[in-house]
Amino acid sequence: RLGRALLDSVPFLGAERAAEVVALLSEEAPREYGDDLAGALRRARRGGDAYSSRWRGEVRRLRAAVGEMSRTPARTRHPETAGAGGLGNLSEDRQAGLVAALAFPERVARAEGGSYLMVSGTRAEPGAGSGLRGAEWVAVAVADRPVGQGHARVQSGAVVDEDVARLAAGALLDERDEVRWDGGDVVARRVE
């Protein structure tokens, strides 16, 4: 998953930024880095701890791997992302979200009723005071479900927008008509 996300995000972000985010996703960051993937990326760049040293090494390894993988024939890449660049200039925070969404498309989530509903159907909530709260769309990289809780808890995620959500999880988008009887009347609606 992460290798595919690395390759698919390079046309949008370049090898360096894509490698930085994938390296962050490849090993769980310390809890004190927080649940906001973009914030964790900034903290890893600042350095000063054992995690950031390992992270830098992984960034170098992935950057070198991108060079090797980019020599693979283009036909092996996803057609919707190969050579793409139509998202415009993504902010640094949204760049982290793009990589997370490409790695975990089933975990792209939209705000609904005070929590986030992931494409997979699972509800998730960011922690109190999280930078993710209030965003319309998020890409959840890591979540857990505490015992006795109905919702998952976001351990790591990033803000995305609808364009990124549709790019990453578009293959999972389903649109259908629902028709049913309600009190003797036929009721129909289109569900996306």
# chains A, B, ... in the order shown; residues from 1 in each chain; ligands from 1
>>> select_by_dssp(residues="range 13-189 of chain A", states="alpha helix (DSSP H)", output="PDB file with C-alpha atoms, in the first residue's frame")
ATOM      1  CA  LEU A  13       4.201  16.297  -4.807  1.00  0.00           C
ATOM      2  CA  ALA A  15       9.855  12.551  -4.750  1.00  0.00           C
ATOM      3  CA  GLU A  16      11.083  14.367  -1.635  1.00  0.00           C
ATOM      4  CA  ARG A  17       7.686  15.297  -0.172  1.00  0.00           C
ATOM      5  CA  ALA A  18       6.112  11.951  -1.098  1.00  0.00           C
ATOM      6  CA  ALA A  19       9.016  10.105   0.548  1.00  0.00           C
ATOM      7  CA  GLU A  20       8.711  12.238   3.695  1.00  0.00           C
ATOM      8  CA  VAL A  21       5.040  11.406   4.199  1.00  0.00           C
ATOM      9  CA  VAL A  22       5.373   7.714   3.334  1.00  0.00           C
ATOM     10  CA  ALA A  23       8.301   7.445   5.766  1.00  0.00           C
ATOM     11  CA  LEU A  24       6.080   8.966   8.441  1.00  0.00           C
ATOM     12  CA  LEU A  25       3.367   6.400   7.683  1.00  0.00           C
ATOM     13  CA  SER A  26       5.787   3.464   7.665  1.00  0.00           C
ATOM     14  CA  LEU A  37      -0.142  13.946  10.160  1.00  0.00           C
ATOM     15  CA  ALA A  38       0.985  17.311   8.762  1.00  0.00           C
ATOM     16  CA  GLY A  39       1.944  18.515  12.257  1.00  0.00           C
ATOM     17  CA  ALA A  40       3.824  15.262  12.874  1.00  0.00           C
ATOM     18  CA  LEU A  41       5.686  15.796   9.595  1.00  0.00           C
ATOM     19  CA  ARG A  42       6.813  19.265  10.702  1.00  0.00           C
ATOM     20  CA  ARG A  43       7.917  17.883  14.070  1.00  0.00           C
ATOM     21  CA  ALA A  44       9.892  15.042  12.454  1.00  0.00           C
ATOM     22  CA  ARG A  45      11.673  17.591  10.230  1.00  0.00           C
ATOM     23  CA  ARG A  46      12.702  19.634  13.277  1.00  0.00           C
ATOM     24  CA  ALA A  50      15.469   9.046  17.916  1.00  0.00           C
ATOM     25  CA  TYR A  51      12.304   8.792  15.850  1.00  0.00           C
ATOM     26  CA  SER A  52      13.235  11.717  13.583  1.00  0.00           C
ATOM     27  CA  SER A  53      16.686  10.182  12.985  1.00  0.00           C
ATOM     28  CA  ARG A  54      15.102   6.903  11.838  1.00  0.00           C
ATOM     29  CA  TRP A  55      12.579   8.898   9.823  1.00  0.00           C
ATOM     30  CA  ARG A  56      15.336  10.783   7.950  1.00  0.00           C
ATOM     31  CA  GLY A  57      17.024   7.493   7.075  1.00  0.00           C
ATOM     32  CA  GLU A  58      13.748   6.098   5.747  1.00  0.00           C
ATOM     33  CA  VAL A  59      13.179   9.275   3.683  1.00  0.00           C
ATOM     34  CA  ARG A  60      16.594   8.797   2.029  1.00  0.00           C
ATOM     35  CA  ARG A  61      15.839   5.121   1.316  1.00  0.00           C
ATOM     36  CA  LEU A  62      12.421   5.896  -0.173  1.00  0.00           C
ATOM     37  CA  ARG A  63      13.742   8.773  -2.278  1.00  0.00           C
ATOM     38  CA  ALA A  64      16.303   6.379  -3.791  1.00  0.00           C
ATOM     39  CA  ALA A  65      13.580   3.765  -4.316  1.00  0.00           C
ATOM     40  CA  VAL A  66      11.454   6.288  -6.220  1.00  0.00           C
ATOM     41  CA  GLY A  67      14.262   6.603  -8.729  1.00  0.00           C
ATOM     42  CA  GLU A  68      14.329   2.837  -9.203  1.00  0.00           C
ATOM     43  CA  MET A  69      10.537   2.482  -9.365  1.00  0.00           C
ATOM     44  CA  GLU A  92       1.699  21.251   2.923  1.00  0.00           C
ATOM     45  CA  ASP A  93      -1.099  19.976   5.174  1.00  0.00           C
ATOM     46  CA  ARG A  94      -3.131  18.793   2.173  1.00  0.00           C
ATOM     47  CA  GLN A  95      -0.060  17.119   0.678  1.00  0.00           C
ATOM     48  CA  ALA A  96       0.198  14.843   3.720  1.00  0.00           C
ATOM     49  CA  GLY A  97      -3.503  14.115   3.309  1.00  0.00           C
ATOM     50  CA  LEU A  98      -3.113  13.173  -0.348  1.00  0.00           C
ATOM     51  CA  VAL A  99      -0.527  10.511   0.466  1.00  0.00           C
ATOM     52  CA  ALA A 100      -2.613   9.127   3.354  1.00  0.00           C
ATOM     53  CA  ALA A 101      -5.726   9.044   1.145  1.00  0.00           C
ATOM     54  CA  LEU A 102      -3.894   7.249  -1.669  1.00  0.00           C
ATOM     55  CA  ALA A 103      -2.501   4.708   0.818  1.00  0.00           C
ATOM     56  CA  GLU A 162     -13.310  16.696  -1.830  1.00  0.00           C
ATOM     57  CA  ASP A 163     -11.085  16.632  -4.924  1.00  0.00           C
ATOM     58  CA  VAL A 164      -8.452  14.556  -3.097  1.00  0.00           C
ATOM     59  CA  ALA A 165     -11.157  12.338  -1.595  1.00  0.00           C
ATOM     60  CA  ARG A 166     -12.619  11.636  -5.031  1.00  0.00           C
ATOM     61  CA  LEU A 167      -9.206  11.037  -6.591  1.00  0.00           C
ATOM     62  CA  ALA A 168      -8.109   8.582  -3.897  1.00  0.00           C
ATOM     63  CA  ALA A 169     -11.394   6.803  -3.203  1.00  0.00           C
TER      64      ALA A 169
END
>>> atom_distance(atom1="CA of Glu136 in chain A", atom2="CA of Glu106 in chain A")
16.4 Å
>>> select_by_dssp(residues="range 58-168 of chain A", states="strand (DSSP E or B)", output="ChimeraX atom specification")
/A:108-112,115-118,123-125,137-144,152-160
>>> closest_residue(among="A:Ala141, A:Asp35, A:Ser130, A:Asn89", to="Arg1 in chain A", atoms="only C-alpha atoms")
A:Ala141
>>> residues_around(residues="Ala152 in chain A", least_positions_apart="5", cutoff="6 Å", atoms="only C-alpha atoms", output="VMD selection string")
chain A and resid 124 144 to 145
>>> atom_distance(atom1="CA of Gly183 in chain A", atom2="CA of Glu112 in chain A")
28.7 Å
>>> closest_residue(among="A:Asp49, A:Asp36, A:Asp185, A:Glu27", to="Val138 in chain A", atoms="only C-alpha atoms")
A:Asp36
